[in-house]
$ cat data36.cif   # mmCIF, C-alpha atoms
data_entry
#
loop_
_atom_site.label_atom_id
_atom_site.label_comp_id
_atom_site.auth_asym_id
_atom_site.auth_seq_id
_atom_site.Cartn_x
_atom_site.Cartn_y
_atom_site.Cartn_z
CA MET A 8 27.38 5.53 11.20
CA MET A 9 30.61 3.55 10.95
CA LEU A 10 28.76 0.31 11.67
CA ARG A 11 26.22 1.06 8.92
CA ARG A 12 29.05 1.71 6.40
CA SER A 13 30.77 -1.54 7.39
CA ILE A 14 27.54 -3.47 6.93
CA LEU A 15 26.95 -1.78 3.57
CA ALA A 16 30.49 -2.63 2.39
CA TRP A 17 29.99 -6.24 3.46
CA ALA A 18 26.56 -6.40 1.81
CA LEU A 19 27.87 -5.15 -1.52
CA CYS A 20 30.27 -8.10 -1.66
CA LEU A 21 27.41 -10.60 -1.61
CA PRO A 22 25.81 -12.07 -4.73
CA VAL A 23 22.84 -10.06 -6.04
CA ALA A 24 20.24 -12.55 -4.75
CA ALA A 25 21.60 -12.37 -1.21
CA ARG A 26 22.00 -8.59 -1.34
CA ALA A 27 18.31 -7.93 -2.00
CA GLY A 28 17.24 -8.78 1.54
CA ILE A 29 20.12 -6.85 3.11
CA LEU A 30 19.45 -3.80 0.94
CA ASP A 31 15.81 -3.94 2.03
CA TRP A 32 17.04 -3.77 5.62
CA LEU A 33 19.46 -0.90 4.96
CA ASN A 34 17.24 1.15 2.67
CA GLY A 35 14.22 3.02 3.93
CA GLY A 36 10.82 3.57 2.49
CA THR A 37 8.28 1.86 4.69
CA VAL A 38 5.35 0.14 3.01
CA GLY A 39 2.16 1.92 3.98
CA LYS A 40 3.88 5.29 4.47
CA PRO A 41 3.58 8.23 2.05
CA LEU A 42 6.36 9.02 -0.38
CA PRO A 43 8.23 12.03 1.05
CA THR A 44 7.97 15.33 -0.78
CA HIS A 45 10.73 15.77 -3.30
CA ASP A 46 12.09 17.93 -6.09
CA LEU A 47 12.86 15.99 -9.26
CA LYS A 48 14.16 17.41 -12.52
CA PHE A 49 13.03 15.29 -15.46
CA LEU A 50 15.42 14.91 -18.39
CA GLY A 51 12.80 14.81 -21.10
CA ALA A 52 9.21 13.73 -20.60
CA ALA A 53 7.68 13.53 -17.15
CA PRO A 54 5.60 10.50 -16.10
CA ASP A 55 1.89 10.30 -16.83
CA PRO A 56 0.21 12.30 -14.03
CA LEU A 57 -2.85 10.04 -14.28
CA ALA A 58 -0.88 6.84 -13.68
CA ARG A 59 -2.47 4.73 -10.98
CA LEU A 60 0.82 3.05 -10.04
CA GLN A 61 4.42 4.31 -10.18
CA LEU A 62 7.59 2.28 -10.11
CA VAL A 63 10.40 4.51 -8.81
CA ASP A 64 13.79 2.99 -9.62
CA PHE A 65 16.80 4.44 -7.78
CA TRP A 66 19.88 3.95 -9.93
CA ALA A 67 23.28 5.35 -10.94
CA THR A 68 25.36 5.22 -14.11
CA TRP A 69 28.28 3.58 -12.27
CA CYS A 70 26.12 0.80 -10.80
CA ALA A 71 26.37 -2.43 -12.85
CA PRO A 72 23.17 -4.05 -11.44
CA CYS A 73 21.36 -0.75 -12.13
CA ARG A 74 22.46 -0.83 -15.76
CA GLU A 75 21.34 -4.46 -16.02
CA SER A 76 17.83 -3.45 -14.85
CA ILE A 77 17.25 -0.85 -17.58
CA PRO A 78 16.24 -3.25 -20.42
CA LYS A 79 13.85 -5.07 -18.05
CA LEU A 80 12.29 -1.76 -16.98
CA ASN A 81 12.00 -0.70 -20.63
CA THR A 82 10.06 -3.92 -21.29
CA PHE A 83 7.77 -3.30 -18.31
CA HIS A 84 7.18 0.26 -19.54
CA HIS A 85 6.06 -0.94 -22.97
CA LYS A 86 3.94 -3.72 -21.51
CA TYR A 87 2.16 -1.83 -18.71
CA ALA A 88 2.15 1.93 -19.43
CA ALA A 89 -1.23 1.76 -21.17
CA ARG A 90 -2.63 -0.03 -18.10
CA GLY A 91 -1.57 2.74 -15.72
CA LEU A 92 2.03 1.98 -14.71
CA ALA A 93 4.52 4.86 -14.83
CA ILE A 94 8.20 4.02 -14.38
CA ILE A 95 10.61 6.70 -13.21
CA GLY A 96 14.38 6.29 -12.99
CA VAL A 97 15.77 8.53 -10.24
CA THR A 98 19.46 9.34 -9.74
CA GLN A 99 21.51 11.84 -7.77
CA GLU A 100 24.19 12.24 -10.41
CA LYS A 101 24.99 15.41 -12.31
CA GLN A 102 22.79 16.15 -15.31
CA GLU A 103 25.72 16.08 -17.77
CA VAL A 104 26.76 12.59 -16.61
CA VAL A 105 23.21 11.24 -16.91
CA GLU A 106 22.59 12.82 -20.32
CA ARG A 107 25.87 11.38 -21.66
CA PHE A 108 24.89 7.94 -20.33
CA MET A 109 21.40 8.20 -21.84
CA LYS A 110 22.94 8.71 -25.28
CA MET A 111 24.56 5.28 -24.97
CA VAL A 112 21.81 3.41 -23.12
CA PRO A 113 18.20 3.89 -24.23
CA PHE A 114 15.60 4.65 -21.57
CA HIS A 115 11.99 4.24 -22.68
CA TYR A 116 10.65 5.69 -19.43
CA PRO A 117 11.17 9.05 -17.71
CA VAL A 118 14.48 9.74 -15.97
CA ALA A 119 14.86 12.33 -13.24
CA ILE A 120 17.53 13.82 -11.04
CA ASP A 121 16.90 14.17 -7.31
CA LEU A 122 18.08 17.77 -7.33
CA ASP A 123 18.67 18.33 -3.65
CA GLY A 124 19.05 14.66 -2.71
CA LYS A 125 16.15 14.93 -0.28
CA LEU A 126 14.23 11.96 -1.69
CA HIS A 127 17.26 9.69 -1.32
CA GLU A 128 17.97 11.15 2.13
CA ASN A 129 14.39 10.95 3.43
CA LEU A 130 14.01 7.36 2.22
CA ARG A 131 17.50 6.45 3.50
CA ILE A 132 18.54 4.99 0.14
CA PHE A 133 22.02 3.59 0.84
CA GLY A 134 22.22 0.70 -1.63
CA LEU A 135 21.54 0.63 -5.36
CA PRO A 136 19.62 -0.41 -7.31
CA TYR A 137 16.49 -0.02 -5.26
CA ALA A 138 12.84 0.32 -6.24
CA LEU A 139 9.53 1.39 -4.77
CA PHE A 140 6.00 1.02 -6.08
CA ILE A 141 3.82 4.01 -5.22
CA ASP A 142 0.02 4.00 -5.52
CA LYS A 143 -2.15 6.88 -6.76
CA ASN A 144 -2.42 8.17 -3.17
CA HIS A 145 1.39 8.51 -3.08
CA THR A 146 1.69 5.63 -0.60
CA ILE A 147 4.54 3.12 -0.79
CA VAL A 148 2.99 -0.28 -1.56
CA TRP A 149 6.15 -2.33 -2.29
CA ARG A 150 9.90 -1.94 -1.88
CA GLY A 151 12.90 -4.01 -2.88
CA ALA A 152 15.43 -4.79 -5.55
CA PRO A 153 14.41 -4.28 -9.20
CA SER A 154 15.60 -7.84 -9.85
CA ALA A 155 12.68 -9.04 -7.71
CA ILE A 156 10.10 -7.30 -9.90
CA ASN A 157 8.25 -9.56 -12.32
CA ASP A 158 5.01 -9.63 -14.31
CA GLY A 159 3.13 -11.34 -11.49
CA LEU A 160 4.02 -8.62 -9.00
CA ILE A 161 3.08 -5.84 -11.43
CA GLU A 162 -0.23 -7.53 -12.31
CA TRP A 163 -1.05 -7.94 -8.60
CA LEU A 164 -0.20 -4.30 -7.80
CA LEU A 165 -2.13 -2.99 -10.81
CA LYS A 166 -5.16 -5.04 -9.77
CA ASP A 167 -5.05 -3.45 -6.32
CA ALA A 168 -4.50 0.03 -7.80
CA GLY A 169 -8.06 0.17 -9.13
CA PRO A 170 -9.38 1.22 -12.53
CA LEU A 171 -7.83 3.84 -14.78
CA ALA A 172 -9.25 7.33 -14.28
#
$ encode --input "data36.cif" --output "structure tokens"
Amino acid sequence: MMLRRSILAWALCLPVAARAGILDWLNGGTVGKPLPTHDLKFLGAAPDPLARLQLVDFWATWCAPCRESIPKLNTFHHKYAARGLAIIGVTQEKQEVVERFMKMVPFHYPVAIDLDGKLHENLRIFGLPYALFIDKNHTIVWRGAPSAINDGLIEWLLKDAGPLA
């Protein structure tokens, strides 16, 4: 455990581009495996249950790169929601902290709290921000840093997700 913390501390000192690969190594969530069961509390609207692809963004209010991702994710939400993409921001912070933050920073997609921390724990999420794409069968189809997500990736994943129901 001490070695993992040392590696994480070292990794967080790297530039964002270099960190992405290291965070992929530290964080869990294996492509091809199902998303573990979890208990999320949505602060406002829940995601579209008929979405054929979900982008789950793990973030925190104190995380500067996480805050930088929010406008980009808002844009993706507006651009791809009608085509079947649901974006969900997931944090482990206290509800009051998140609600206060959401008054200052607009989220155009659903935000949830991992109530018991089991989703973070089961996926071994150690570094933030971190994102997963989940298909309609609840299988992880992509994992990595939100900074690596672009229109081409979303188009490719939506194409593979099949038609809207």
$ atom_distance --input "data36.cif" --atom1 "atom CA of A:Pro54" --atom2 "atom CA of A:Lys143"
12.7 Å
$ residues_around --input "data36.cif" --residues "A:Arg107" --least-positions-apart "6" --cutoff "12 Å" --atoms "only C-alpha atoms" --output "list of chain:residue names"
A:Leu50, A:Thr68, A:Glu100, A:Lys101, A:Pro113
$ resolve_selection --input "data36.cif" --expression "the PyMOL selection byres ((chain A and resi 114-127) around 10)" --output "JSON, numbers by chain"
{"A": [34, 35, 36, 42, 43, 44, 45, 46, 47, 48, 49, 50, 51, 52, 53, 54, 55, 63, 64, 65, 66, 77, 78, 80, 81, 82, 83, 84, 85, 88, 93, 94, 95, 96, 97, 98, 99, 100, 101, 102, 105, 106, 108, 109, 110, 111, 112, 113, 128, 129, 130, 131, 132, 133]}
$ closest_residue --input "data36.cif" --among "A:Pro170, A:Leu165, A:Leu62, A:Val104" --to "A:Ala152" --atoms "all atoms listed in the file"
A:Leu62
$ residues_around --input "data36.cif" --residues "A:Ser76" --least-positions-apart "3" --cutoff "8 Å" --atoms "all atoms listed in the file" --output "number ranges by chain"
A: 72-73, 79-80, 153-154
$ residues_around --input "data36.cif" --residues "A:Val38" --least-positions-apart "2" --cutoff "6 Å" --atoms "all atoms listed in the file" --output "compact mmCIF listing (two decimals) with C-alpha atoms, in the frame of the given file"
# COMPACT_ATOMS: atom_id res chain seq x y z
CA LYS A 40 3.88 5.29 4.47
CA ILE A 147 4.54 3.12 -0.79
CA VAL A 148 2.99 -0.28 -1.56
CA TRP A 149 6.15 -2.33 -2.29
$ closest_residue --input "data36.cif" --among "A:Pro136, A:Pro41, A:Leu160, A:Gly91" --to "A:Ala71" --atoms "only C-alpha atoms"
A:Pro136
